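A.B. asks: Here you go, one structure.
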Amino acid sequence: MKRIGVLTSGGDCPGMNPAIRAVVRDGIEAGLEVVGFLRGYVGLIDNNFKVLNSNDVSGIIQRGGTILLTSRCEEFKTDAGIKKGKENLEKNNIDGLVVIGGDGSIHGAAALADMGVKVVALPGSIDNDIYGTDNSLGVDTALNNIVDAVDKIKDTASSHERTFIIEVMGRECGYLAISSAVATGADALIVPEVAFDFEAIATRFRKRYQEGKTSNIILVAEGADNAYHVGRELKKIAGIESKITVLGHLQRGGSPTFFDRLLGARLGAGAVEALLKGESGKMVGIKDRETELTDFEKVLKNKRPVPKRLLELAEKLSR
Ligand code: ADP
Ligand code: F6P
């Protein structure tokens, strides 16, 4: 193996830059040339890449997002698109590829592996729903962003004795909402993992109001409901007025935390090591503090549910 490529695909997340930096620096250290494809699979199809040297990744470890840019690429979901990608890799003598992205991007990597490309993936998604790793890149930073925002909202919520409904990301998984509910002391939780009942929330709030609790925070995972809908329902069912904040993409931005920098560095180096050992079709994760490889098939077949006890704790502590 002499030349490898790296790309970031799907939703960006803090920690992608530290991972790119590690792939480049560790690759060069091992005698490889490293190239970066721009805009994920779009760059692979368009043959748009640049050689990355040590200086190209200098000063990026503290930056959120991805210096390689990212995108979603419908063409890559077709056989013709994947074939173009494979041909470009061959044409440029690129012997191995590192894909950094979420579940969808790993599907793309698996399609390349099926065509015989040597490819490994790194889990990058704030949703923390990827099987085969304890944490995905960006989760810790996103959670710190959420905690910071909710703390600020709590100041004004308590001063005005108001109820706030705060919507957080998580397309199909409530991990962000559940774990940040524990860390912020939220008063109610609406997530895809449990059936929710507006009536029950309203009854609890009324009881707590009589006991002297005059402000509330409800955390809603976007995959479960829409904060504006929750607000309308609470008004309709119980006459509860609320203020709405959708945290949106600010959750995904900002300087990666210590945890995400370290994770990015370890995963990036793990990817280079795996390719050099001749591994392919695998995701590099970290489980129980050790780097671990998991077959794409297993990663993609398995769901990574929110731990039951964490969910129970979130519910218990919000009552
Ligand atoms: P994420 O990687 O963050 O989960 P997406 O689900 O949007 O984001 O996927 C990112 C990209 O991965 C898609 O735009 C597409 O190019 C590629 N991709 C997703 N699913 C497949 C698939 N089944 N086959 C090939 N490529 C795929
Ligand atoms: O998968 C990561 C994620 O941030 C989800 O939590 C969210 O639903 C989605 O990406 C948003 O994607 P987009 O960047 O297309 O708005």
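By convention here, the chains of the structure tokens are called A, B, ... in the order presented, each chain's residues are numbered starting at 1, and ligands are numbered starting at 1 in the order presented.
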Could you name the residues that touch region 273-277 of chain A at 10 Å or less, counting only C-alpha atoms, but leaving out those on the same chain fewer than 5 positions away, as number ranges by chain?

C.D. replies: A: 1-2, 4, 23, 26-27, 30, 32, 95-98, 118-120, 267-268, 282-284, 292-293

A.B. asks: Run DSSP on the backbone of this structure and report the residues of region 35-255 of chain A it assigns to strand (DSSP E or B), as a ChimeraX atom specification.

C.D. replies: /A:35-37,49-52,96-101,119-124,137,163-168,188-190,216-221,242-246

A.B. asks: Could you please extract the residues within 7 Å of ligand 1, counting only C-alpha atoms and all ligand atoms, and hand them back as a ChimeraX atom specification?

C.D. replies: /A:9-11,41,71-78,101-108,111,125

A.B. asks: Would you put the residues from that selection into a file with N, CA, C and O atoms, as a compact mmCIF listing (two decimals), in the first residue's frame?

C.D. replies:
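What landed in out36.txt:
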# COMPACT_ATOMS: atom_id res chain seq x y z
N SER A 9 -18.23 12.32 4.73
CA SER A 9 -19.50 12.21 4.00
C SER A 9 -20.68 12.32 4.97
O SER A 9 -20.57 12.02 6.16
N GLY A 10 -21.82 12.77 4.43
CA GLY A 10 -23.04 12.89 5.26
C GLY A 10 -22.97 14.11 6.16
O GLY A 10 -22.25 15.07 5.88
N GLY A 11 -23.70 14.05 7.27
CA GLY A 11 -23.70 15.19 8.21
C GLY A 11 -22.31 15.38 8.81
O GLY A 11 -21.68 14.42 9.23
N TYR A 41 -18.58 11.59 -1.30
CA TYR A 41 -18.66 10.73 -2.48
C TYR A 41 -18.78 11.54 -3.78
O TYR A 41 -18.49 11.02 -4.86
N SER A 71 -20.95 16.25 1.87
CA SER A 71 -22.19 16.43 1.11
C SER A 71 -22.96 15.11 1.14
O SER A 71 -22.47 14.10 1.65
N ARG A 72 -24.15 15.18 0.58
CA ARG A 72 -24.91 13.96 0.34
C ARG A 72 -24.92 13.75 -1.17
O ARG A 72 -24.96 14.73 -1.93
N CYS A 73 -24.79 12.51 -1.60
CA CYS A 73 -24.59 12.25 -3.03
C CYS A 73 -25.52 11.13 -3.48
O CYS A 73 -25.27 9.95 -3.20
N GLU A 74 -26.60 11.49 -4.12
CA GLU A 74 -27.59 10.48 -4.59
C GLU A 74 -26.97 9.52 -5.60
O GLU A 74 -27.25 8.33 -5.60
N GLU A 75 -26.10 10.08 -6.48
CA GLU A 75 -25.52 9.24 -7.55
C GLU A 75 -24.74 8.07 -6.97
O GLU A 75 -24.65 7.00 -7.58
N PHE A 76 -24.17 8.28 -5.78
CA PHE A 76 -23.37 7.20 -5.21
C PHE A 76 -24.23 6.03 -4.72
O PHE A 76 -23.71 4.97 -4.38
N LYS A 77 -25.53 6.24 -4.67
CA LYS A 77 -26.41 5.14 -4.26
C LYS A 77 -26.71 4.20 -5.44
O LYS A 77 -27.42 3.22 -5.29
N THR A 78 -26.19 4.55 -6.61
CA THR A 78 -26.43 3.70 -7.80
C THR A 78 -25.16 2.90 -8.11
O THR A 78 -24.04 3.33 -7.78
N GLY A 101 -17.91 9.04 8.37
CA GLY A 101 -19.30 9.47 8.26
C GLY A 101 -20.23 8.59 9.07
O GLY A 101 -19.79 7.72 9.83
N GLY A 102 -21.52 8.82 8.87
CA GLY A 102 -22.52 8.07 9.63
C GLY A 102 -22.95 6.80 8.92
O GLY A 102 -22.29 6.33 7.98
N ASP A 103 -24.08 6.31 9.37
CA ASP A 103 -24.65 5.07 8.88
C ASP A 103 -24.76 5.03 7.33
O ASP A 103 -24.34 4.05 6.70
N GLY A 104 -25.28 6.11 6.74
CA GLY A 104 -25.43 6.16 5.29
C GLY A 104 -24.08 6.06 4.59
O GLY A 104 -23.91 5.30 3.63
N SER A 105 -23.12 6.81 5.10
CA SER A 105 -21.78 6.82 4.50
C SER A 105 -21.13 5.44 4.61
O SER A 105 -20.40 5.01 3.70
N ILE A 106 -21.42 4.73 5.69
CA ILE A 106 -20.86 3.38 5.85
C ILE A 106 -21.52 2.42 4.85
O ILE A 106 -20.88 1.51 4.32
N HIS A 107 -22.81 2.66 4.54
CA HIS A 107 -23.45 1.88 3.47
C HIS A 107 -22.69 2.08 2.16
O HIS A 107 -22.45 1.12 1.41
N GLY A 108 -22.31 3.33 1.88
CA GLY A 108 -21.54 3.63 0.67
C GLY A 108 -20.20 2.92 0.68
O GLY A 108 -19.77 2.34 -0.33
N ALA A 111 -20.60 -0.67 -0.09
CA ALA A 111 -20.82 -0.91 -1.52
C ALA A 111 -19.48 -0.92 -2.26
O ALA A 111 -19.27 -1.73 -3.17
N SER A 125 -20.96 10.75 13.58
CA SER A 125 -22.37 11.19 13.60
C SER A 125 -22.72 11.56 15.02
O SER A 125 -22.46 10.80 15.95

A.B. asks: Compile a residue-level contact table for chain A against ligand 2 at a cut-off of 8 Å, reporting for every qualifying residue the shortest atom pair and its distance in Å to one decimal, with only C-alpha atoms and all ligand atoms counted, rows ordered by chain and ascending number, as a tab-separated table.

C.D. replies:
residue	atom	partner	partner_atom_place_in_ligand_line	distance
A:Gly10	CA	ligand 2	14 (O)	7.5
A:Gly11	CA	ligand 2	14 (O)	4.9
A:Asp12	CA	ligand 2	14 (O)	7.3
A:Cys13	CA	ligand 2	4 (O)	7.8
A:Gly102	CA	ligand 2	1 (O)	6.6
A:Ser125	CA	ligand 2	2 (C)	5.2
A:Ile126	CA	ligand 2	2 (C)	5.5
A:Asp127	CA	ligand 2	6 (O)	5.3
A:Val168	CA	ligand 2	6 (O)	8.0
A:Met169	CA	ligand 2	6 (O)	4.2
A:Gly170	CA	ligand 2	6 (O)	3.8
A:Arg171	CA	ligand 2	8 (O)	4.0
A:Glu172	CA	ligand 2	8 (O)	7.8
A:Glu222	CA	ligand 2	8 (O)	7.1
A:Gly223	CA	ligand 2	8 (O)	7.5
A:His249	CA	ligand 2	16 (O)	7.1
A:Arg252	CA	ligand 2	4 (O)	6.5

A.B. asks: Write out the residues from the selection above, keeping all heavy atoms, as a tab-separated table (two decimals), in the first residue's frame.

C.D. replies:
chain	number	residue	atom	x	y	z
A	10	GLY	N	-21.82	12.77	4.43
A	10	GLY	CA	-23.04	12.89	5.26
A	10	GLY	C	-22.97	14.11	6.16
A	10	GLY	O	-22.25	15.07	5.88
A	11	GLY	N	-23.70	14.05	7.27
A	11	GLY	CA	-23.70	15.19	8.21
A	11	GLY	C	-22.31	15.38	8.81
A	11	GLY	O	-21.68	14.42	9.23
A	12	ASP	N	-21.83	16.62	8.81
A	12	ASP	CA	-20.51	16.86	9.43
A	12	ASP	C	-20.62	16.70	10.94
A	12	ASP	O	-21.72	16.70	11.51
A	12	ASP	CB	-20.02	18.28	9.09
A	12	ASP	CG	-20.84	19.34	9.80
A	12	ASP	OD1	-22.08	19.32	9.66
A	12	ASP	OD2	-20.26	20.17	10.52
A	13	CYS	N	-19.49	16.55	11.58
A	13	CYS	CA	-19.51	16.53	13.05
A	13	CYS	C	-18.15	16.95	13.58
A	13	CYS	O	-17.12	16.71	12.94
A	13	CYS	CB	-19.92	15.16	13.58
A	13	CYS	SG	-18.80	13.84	13.14
A	102	GLY	N	-21.52	8.82	8.87
A	102	GLY	CA	-22.52	8.07	9.63
A	102	GLY	C	-22.95	6.80	8.92
A	102	GLY	O	-22.29	6.33	7.98
A	125	SER	N	-20.96	10.75	13.58
A	125	SER	CA	-22.37	11.19	13.60
A	125	SER	C	-22.72	11.56	15.02
A	125	SER	O	-22.46	10.80	15.95
A	125	SER	CB	-23.28	10.06	13.14
A	125	SER	OG	-24.62	10.38	13.47
A	126	ILE	N	-23.34	12.73	15.19
A	126	ILE	CA	-23.67	13.15	16.56
A	126	ILE	C	-24.78	12.29	17.16
A	126	ILE	O	-25.00	12.35	18.36
A	126	ILE	CB	-24.06	14.64	16.62
A	126	ILE	CG1	-25.33	14.92	15.82
A	126	ILE	CG2	-22.91	15.53	16.15
A	126	ILE	CD1	-25.94	16.29	16.11
A	127	ASP	N	-25.46	11.49	16.34
A	127	ASP	CA	-26.61	10.73	16.86
A	127	ASP	C	-26.23	9.58	17.81
A	127	ASP	O	-27.06	9.10	18.57
A	127	ASP	CB	-27.45	10.16	15.70
A	127	ASP	CG	-28.11	11.27	14.88
A	127	ASP	OD1	-28.01	12.43	15.28
A	127	ASP	OD2	-28.70	10.95	13.83
A	168	VAL	N	-34.03	18.86	20.18
A	168	VAL	CA	-32.63	18.52	19.87
A	168	VAL	C	-32.60	17.53	18.70
A	168	VAL	O	-33.61	16.93	18.35
A	168	VAL	CB	-31.87	17.93	21.10
A	168	VAL	CG1	-31.87	18.91	22.26
A	168	VAL	CG2	-32.44	16.59	21.53
A	169	MET	N	-31.42	17.38	18.11
A	169	MET	CA	-31.29	16.50	16.94
A	169	MET	C	-31.36	15.02	17.33
A	169	MET	O	-31.35	14.68	18.52
A	169	MET	CB	-29.98	16.79	16.22
A	169	MET	CG	-30.08	17.97	15.27
A	169	MET	SD	-28.54	18.20	14.38
A	169	MET	CE	-29.08	19.30	13.08
A	170	GLY	N	-31.33	14.18	16.35
A	170	GLY	CA	-31.43	12.73	16.55
A	170	GLY	C	-32.53	12.22	15.65
A	170	GLY	O	-33.69	12.19	16.05
A	171	ARG	N	-32.13	11.86	14.42
A	171	ARG	CA	-33.09	11.49	13.39
A	171	ARG	C	-33.96	10.31	13.80
A	171	ARG	O	-35.16	10.34	13.67
A	171	ARG	CB	-32.32	11.12	12.12
A	171	ARG	CG	-32.70	11.96	10.96
A	171	ARG	CD	-32.02	11.56	9.68
A	171	ARG	NE	-30.67	11.06	9.83
A	171	ARG	CZ	-29.80	11.02	8.83
A	171	ARG	NH1	-30.14	11.50	7.67
A	171	ARG	NH2	-28.59	10.53	9.00
A	172	GLU	N	-33.29	9.25	14.28
A	172	GLU	CA	-34.06	8.06	14.66
A	172	GLU	C	-33.75	7.62	16.07
A	172	GLU	O	-34.28	6.63	16.55
A	172	GLU	CB	-33.71	6.89	13.70
A	172	GLU	CG	-34.40	7.01	12.37
A	172	GLU	CD	-33.61	6.32	11.28
A	172	GLU	OE1	-32.89	5.36	11.58
A	172	GLU	OE2	-33.72	6.77	10.12
A	222	GLU	N	-35.91	15.29	17.83
A	222	GLU	CA	-36.58	15.60	16.55
A	222	GLU	C	-37.20	14.35	15.91
A	222	GLU	O	-38.18	14.45	15.18
A	222	GLU	CB	-35.61	16.25	15.57
A	222	GLU	CG	-34.46	15.32	15.18
A	222	GLU	CD	-33.58	15.84	14.05
A	222	GLU	OE1	-33.92	16.84	13.41
A	222	GLU	OE2	-32.54	15.20	13.82
A	223	GLY	N	-36.64	13.17	16.22
A	223	GLY	CA	-37.16	11.94	15.64
A	223	GLY	C	-38.47	11.50	16.27
A	223	GLY	O	-39.15	10.62	15.76
A	249	HIS	N	-28.80	23.23	14.01
A	249	HIS	CA	-27.43	22.90	13.61
A	249	HIS	C	-26.36	23.47	14.53
A	249	HIS	O	-25.18	23.11	14.38
A	249	HIS	CB	-27.19	23.32	12.17
A	249	HIS	CG	-27.96	22.47	11.20
A	249	HIS	ND1	-29.28	22.68	10.95
A	249	HIS	CD2	-27.59	21.38	10.49
A	249	HIS	CE1	-29.71	21.76	10.09
A	249	HIS	NE2	-28.71	20.96	9.80
A	252	ARG	N	-24.23	20.87	16.12
A	252	ARG	CA	-23.23	20.12	15.36
A	252	ARG	C	-21.95	20.92	15.12
A	252	ARG	O	-21.00	20.40	14.54
A	252	ARG	CB	-23.86	19.75	14.01
A	252	ARG	CG	-23.84	18.29	13.75
A	252	ARG	CD	-24.70	17.86	12.63
A	252	ARG	NE	-24.51	18.52	11.38
A	252	ARG	CZ	-25.27	18.28	10.31
A	252	ARG	NH1	-26.24	17.39	10.39
A	252	ARG	NH2	-25.07	18.89	9.18

A.B. asks: Counting only C-alpha atoms, which of A:Ser242, A:Glu161, A:Val230, A:Ile237 gets nearest to Lys213 (chain A)?

C.D. replies: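 Comparing A:Ser242, A:Glu161, A:Val230, A:Ile237 against Lys213 (chain A), the winner is A:Glu161.
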
A.B. asks: Which one of A:Ala271, A:Val6, A:Ile100, A:Met16 sits closest to Lys50 (chain A) if you count only C-alpha atoms?

C.D. replies: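 Using only C-alpha atoms, the shortest distance to Lys50 (chain A) belongs to A:Val6.
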
A.B. asks: Please return as number ranges by chain: the residues of region 117-248 of chain A that backbone DSSP assigns to helix (DSSP H, G or I).

C.D. replies: A: 139-160, 175-184, 198-210, 227-238, 248

A.B. asks: Using Å and a single decimal, report how far CA of Phe198 (chain A) sits from CA of Ile217 (chain A).

C.D. replies: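 For CA of Ile217 (chain A) relative to CA of Phe198 (chain A), the distance reads 14.0 Å.
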
A.B. asks: Quick one: everything within 12 Å of Glu29 (chain A), counting only C-alpha atoms, minus sequence neighbours fewer than 5 positions away in the same chain. Send it as number ranges by chain.

C.D. replies: A: 2, 22-24, 34, 53-54, 269, 272-273

A.B. asks: May I ask for the distance between CA of Ala121 (chain A) and CA of Val99 (chain A), given in Å to one decimal place?

C.D. replies: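 CA of Ala121 (chain A) sits 4.6 Å away from CA of Val99 (chain A).
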
A.B. asks: Would you mind listing what lies within 8 Å of Lys86 (chain A) as a ChimeraX atom specification, with only C-alpha atoms counted and same-chain residues fewer than 2 positions away left out?

C.D. replies: /A:82-84,88-90,112,115,117

A.B. asks: Those selected residues, please, written with all heavy atoms and delivered as a compact mmCIF listing (two decimals), in the first residue's frame.

C.D. replies:
# COMPACT_ATOMS: atom_id res chain seq x y z
N ILE A 82 -21.08 4.10 -7.89
CA ILE A 82 -20.06 3.37 -7.12
C ILE A 82 -18.92 2.93 -8.05
O ILE A 82 -17.73 3.03 -7.71
CB ILE A 82 -20.69 2.18 -6.38
CG1 ILE A 82 -21.75 2.68 -5.39
CG2 ILE A 82 -19.64 1.37 -5.61
CD1 ILE A 82 -22.75 1.64 -4.98
N LYS A 83 -19.30 2.50 -9.26
CA LYS A 83 -18.31 2.05 -10.24
C LYS A 83 -17.38 3.20 -10.62
O LYS A 83 -16.16 3.03 -10.71
CB LYS A 83 -19.04 1.48 -11.47
CG LYS A 83 -18.19 0.62 -12.33
CD LYS A 83 -19.07 -0.30 -13.19
CE LYS A 83 -18.29 -0.77 -14.40
NZ LYS A 83 -18.36 0.11 -15.56
N LYS A 84 -17.97 4.39 -10.81
CA LYS A 84 -17.14 5.56 -11.14
C LYS A 84 -16.13 5.82 -10.04
O LYS A 84 -14.96 6.10 -10.28
CB LYS A 84 -18.04 6.81 -11.27
CG LYS A 84 -18.45 7.15 -12.67
CD LYS A 84 -19.04 8.57 -12.68
CE LYS A 84 -20.15 8.68 -13.69
NZ LYS A 84 -20.96 9.89 -13.53
N ASN A 88 -12.06 5.72 -10.41
CA ASN A 88 -11.19 6.87 -10.09
C ASN A 88 -10.09 6.49 -9.10
O ASN A 88 -8.96 6.94 -9.21
CB ASN A 88 -12.03 8.03 -9.55
CG ASN A 88 -12.75 8.76 -10.67
OD1 ASN A 88 -12.27 8.76 -11.81
ND2 ASN A 88 -13.88 9.36 -10.36
N LEU A 89 -10.45 5.65 -8.15
CA LEU A 89 -9.42 5.20 -7.19
C LEU A 89 -8.33 4.42 -7.93
O LEU A 89 -7.14 4.64 -7.71
CB LEU A 89 -10.07 4.32 -6.10
CG LEU A 89 -10.96 5.07 -5.10
CD1 LEU A 89 -11.79 4.08 -4.27
CD2 LEU A 89 -10.12 5.93 -4.16
N GLU A 90 -8.76 3.55 -8.83
CA GLU A 90 -7.79 2.73 -9.59
C GLU A 90 -6.90 3.61 -10.48
O GLU A 90 -5.69 3.47 -10.53
CB GLU A 90 -8.53 1.69 -10.43
CG GLU A 90 -9.04 0.53 -9.57
CD GLU A 90 -10.01 -0.37 -10.32
OE1 GLU A 90 -10.37 -0.06 -11.47
OE2 GLU A 90 -10.44 -1.37 -9.72
N LEU A 112 -18.57 -0.04 -1.88
CA LEU A 112 -17.24 -0.02 -2.50
C LEU A 112 -16.47 -1.29 -2.16
O LEU A 112 -15.82 -1.89 -3.03
CB LEU A 112 -16.43 1.18 -1.97
CG LEU A 112 -16.69 2.55 -2.61
CD1 LEU A 112 -15.98 3.64 -1.82
CD2 LEU A 112 -16.22 2.57 -4.08
N MET A 115 -17.27 -4.15 -4.20
CA MET A 115 -16.68 -4.12 -5.55
C MET A 115 -15.18 -4.35 -5.52
O MET A 115 -14.48 -4.15 -6.51
CB MET A 115 -16.96 -2.76 -6.20
CG MET A 115 -18.37 -2.61 -6.69
SD MET A 115 -18.40 -1.39 -8.03
CE MET A 115 -20.14 -1.27 -8.34
N VAL A 117 -12.88 -2.74 -3.49
CA VAL A 117 -12.03 -1.63 -3.03
C VAL A 117 -11.63 -1.88 -1.58
O VAL A 117 -12.43 -2.35 -0.77
CB VAL A 117 -12.82 -0.28 -3.13
CG1 VAL A 117 -12.03 0.86 -2.49
CG2 VAL A 117 -13.15 0.02 -4.58

A.B. asks: So that I can check the surroundings of region 286-290 of chain A, please list as a list in words every protein, DNA and RNA residue that reaches within 9 Å of it, counting only C-alpha atoms and ignoring chain neighbours fewer than 4 positions away.

C.D. replies: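 Near region 286-290 of chain A, the qualifying residues are Gly132, Thr133, Asp134, Asn135, Ser136, Leu263, Arg266 and Leu267 of chain A.
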
A.B. asks: My list of candidates is A:Ile218, A:Leu69, A:Ile94, A:Leu262. Which is closest to Val51 (chain A) when distances are computed with only C-alpha atoms?

C.D. replies: A:Ile94

A.B. asks: Skipping near chain neighbours, those fewer than 3 positions away, what residues fall within 10 Å of Ala183 (chain A) using only C-alpha atoms, listed as a list in words?

C.D. replies: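 Contacts, with the query itself left out: Leu143, Asn144, Ile146, Val147, Val150, Asp151, Ala177, Ile178, Ser179, Ser180, Ala186 and Ala314 of chain A.
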
A.B. asks: Applying 12 Å and only C-alpha atoms, which residues near Ala200 (chain A) remain after dropping the ones on its own chain fewer than 4 positions away? List them as a list in words.

C.D. replies: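 Those residues are Ala188, Leu189, Ile190, Ala195, Phe196, Arg204, Phe205, Arg206, Lys207, Leu234, Ile237, Ala238 and Arg319 of chain A.
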
A.B. asks: Let me make sure I understand: among A:Leu7, A:Ala221, A:Leu137, A:Ala202, which one has the smallest atom-to-atom distance to Tyr175 (chain A) if we use only C-alpha atoms?

C.D. replies: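 Between A:Leu7, A:Ala221, A:Leu137, A:Ala202, the residue approaching Tyr175 (chain A) most closely is A:Ala221.
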
A.B. asks: Quick one: of A:Ile240, A:Val139, A:Leu52, A:Leu317, who's nearest to Phe259 (chain A), counting only C-alpha atoms?

C.D. replies: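 Nearest to Phe259 (chain A): A:Val139.
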